[in-house]
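Enquirer: To start, I am sharing the structure in question, which I have written as structure tokens.
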Amino acid sequence: MKYSIVTVLTGGLIALAAVPGQAQEAAQCKTLLVQQGERHEIVSHGSVGTRIRFPANIETAISSLPDTAWNFENKGPNLWLRPKFDGDLAKETSQIGATVVLETGEEYDFIINTTPDTDISCYFVVDEQTALANLRLEKERREVASLRYGLNERMRELDEREAYMQDEYAISLAEAKRQIESQANDAIEAFKYQVNTAYTWNPVEGQPSHTKISSVYDDGTFTYIRVSGIGFGLPIITARSGEKDYTVQYRFNDLTGVFQLNGLFDRLHVKIDESAIEIGRNG
């Protein structure tokens with residue numbers, strides 16, 4: 001099925017050319033699609049008359065008809081006209097020409113015919129170029145609205161996805177933390193199982209009691225000596241092999257106050273500051 005441009009525009013979209021407040025009136029009056037340079041025919045009944053509403057205020061409305069044959073008056077955007085039926089004069093002026101110039105500069109030409117019977121008493125004039133331009137604008141507006149809606153939907157989806165990923169990350173982080181804590185606890189328990197704390201330490205005979213060593217233990221590979229304070233210089237640690245004493249190499253962790261010795265030793269001699277301490281392994 002084919003449609004003319006007039007059919008499409010007058011099918012409801014023509015109201016786009018109206019100024020605010022005229023949409024309802026466009027539905028009640030007959031829409032007249034006009035172009036400058038064309039002549040448009042309308043009808044008018046002597047008992048009812050005709051009102052023509054334009055899209056802008058009328059600057060000038062011109063007709064060559066005599067006042068005795070037609071009522072012809074304009075105000076604002078409206079033009080009122082009505083033929084006077086008075087015999088021969090009415091027959092002679094049953095068709096007249098009129099030109100309307102709007103304040104916006106548009107000029108429109110009409111032929112007005114008298115009719116004894118019509119149900120059309122109101123015309124709503126819409127410039128075809130304006131209607132087409134507004135139609136294109138409306139199409140673009142709908143496309144923009146559709147695009148905006150699509151973008152909003154995409155943003156909503158991304159927000160939901162981000163929220164989901166954040167929740168998943170929080171769950172994964174909590175699970176990783178739980179696993180790490182579990183592994184750490186297992187390692188601590190395993191270390192406690194392996195560690196040997198069966199050590200004694202006492203000052204060398206003739207030395208005063210001391211408080212510099214707080215604990216001694218080993219993990220089967222390394223021996224650890226924890227001191228209760230720092231600032232007394234590096235200790236000298238020796239061990240006996242047969243009849244000979246030798247210096248033991250160690251590493252010190254100043255955060256924990258622990259000396260780590262490579263190996264296990266039945267007896268150690270530790271000289272810290274002015275104190276000499278004997279350490280014995282019982283396990």
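Each chain of the structure tokens is named A, B, ... in the order shown, its residues numbered from 1; ligands are numbered from 1 in display order.
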Leaving out Phe265 of chain A and any residue of its chain fewer than 2 positions from it, which residues lie within 12 Å of it when counting only C-alpha atoms, given as a tab-separated table (two decimals) with C-alpha atoms, in the first residue's frame?
Expert:
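Saved as part_32.tsv:
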chain	number	residue	atom	x	y	z
A	199	TYR	CA	66.34	-26.45	76.69
A	216	VAL	CA	65.51	-21.32	73.43
A	217	TYR	CA	64.03	-23.87	70.97
A	218	ASP	CA	64.75	-25.66	67.69
A	220	GLY	CA	64.95	-29.92	63.96
A	221	THR	CA	67.08	-27.85	61.58
A	222	PHE	CA	67.76	-24.53	63.24
A	223	THR	CA	68.27	-23.45	66.81
A	224	TYR	CA	66.61	-20.24	67.98
A	225	ILE	CA	67.62	-18.05	70.89
A	237	ILE	CA	78.12	-17.93	70.60
A	238	THR	CA	80.33	-21.01	70.69
A	239	ALA	CA	79.75	-24.75	70.66
A	240	ARG	CA	82.01	-27.63	71.64
A	241	SER	CA	83.04	-30.36	69.21
A	245	ASP	CA	85.19	-24.91	70.97
A	246	TYR	CA	84.22	-23.14	67.73
A	248	VAL	CA	78.71	-20.57	65.68
A	261	LEU	CA	71.73	-20.70	64.43
A	262	ASN	CA	72.41	-23.21	61.66
A	263	GLY	CA	72.22	-26.69	63.18
A	267	ARG	CA	75.76	-27.38	74.48
A	268	LEU	CA	76.16	-23.70	73.66
A	269	HIS	CA	78.13	-20.99	75.35
A	278	GLU	CA	75.41	-22.01	79.23
A	279	ILE	CA	72.57	-23.50	77.14
A	280	GLY	CA	71.87	-27.25	77.19
A	281	ARG	CA	69.59	-29.25	74.87
A	282	ASN	CA	67.64	-31.93	76.72
A	283	GLY	CA	65.52	-33.40	73.90
Enquirer: Report the residues of segment 98-267 of chain A whose backbone DSSP state falls under alpha helix (DSSP H), written as a PyMOL selection string.
Expert: chain A and resi 128-194
Enquirer: Can you list, as a count of residues only, all residues belonging to segment 105-203 of chain A that DSSP tags as strand (DSSP E or B)?
Expert: 21
Enquirer: For each of A:Ile277, A:Thr118, A:Gln260, A:Asp127, take the minimum atom-to-atom distance to Gly37 of chain A, counting only C-alpha atoms, then give the residue where this is smallest.
Expert: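 The closest residue to Gly37 of chain A is A:Asp127.
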Enquirer: Which one is closest to Gln207 of chain A: A:Glu138, A:Glu274, A:Asp119, A:Glu107? Count only C-alpha atoms.
Expert: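 Smallest separation from Gln207 of chain A among the options: A:Glu274.
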Enquirer: Leaving out Ile62 of chain A and any residue of its chain fewer than 3 positions from it, which residues lie within 9 Å of it when counting only C-alpha atoms, given as JSON, numbers by chain?
Expert: {"A": [97, 98, 99, 100, 101]}
Enquirer: Using only C-alpha atoms, which residue out of A:Tyr169, A:Phe191, A:Trp80, A:Tyr108 lies closest to Glu41 of chain A?
Expert: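 For Glu41 of chain A, the nearest of the candidates is A:Tyr108.
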Enquirer: Please list as a PDB file with C-alpha atoms, in the first residue's frame every residue within 9 Å of Glu59 of chain A, counting only C-alpha atoms and excluding residues in the same chain fewer than 5 positions away.
Expert:
ATOM      1  CA  LYS A  75      -6.715  39.044  14.383  1.00  0.00           C
ATOM      2  CA  GLY A  76      -3.563  37.375  15.676  1.00  0.00           C
ATOM      3  CA  PRO A  77      -3.090  34.070  13.823  1.00  0.00           C
ATOM      4  CA  VAL A 100      -2.251  36.158   3.697  1.00  0.00           C
ATOM      5  CA  VAL A 101       1.145  37.473   4.808  1.00  0.00           C
ATOM      6  CA  LEU A 102       2.401  36.371   8.248  1.00  0.00           C
ATOM      7  CA  GLU A 103       4.582  38.387  10.607  1.00  0.00           C
ATOM      8  CA  THR A 104       7.264  35.741  10.095  1.00  0.00           C
ATOM      9  CA  GLY A 105       7.347  36.584   6.363  1.00  0.00           C
TER      10      GLY A 105
END
Enquirer: Quick one, how far is atom CA of Gly257 of chain A from atom CA of Val227 of chain A?
Expert: 5.7 Å
Enquirer: Report as a list of chain:residue names all protein, DNA and RNA residues lying within 12 Å of Cys122 of chain A, evaluated on only C-alpha atoms, omitting residues in the same chain fewer than 6 positions from it.
Expert: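 What passes the distance filter is A:Glu25, A:Ala26, A:Ala27, A:Gln28, A:Cys29, A:Lys30, A:Thr31, A:Leu32, A:Ile42, A:Val43, A:Ser44, A:His45, A:Val48, A:Gly49, A:Thr50, A:Arg51, A:Ile52, A:Arg53, A:Phe54, A:Asn78, A:Leu79, A:Trp80, A:Leu81, A:Arg82.
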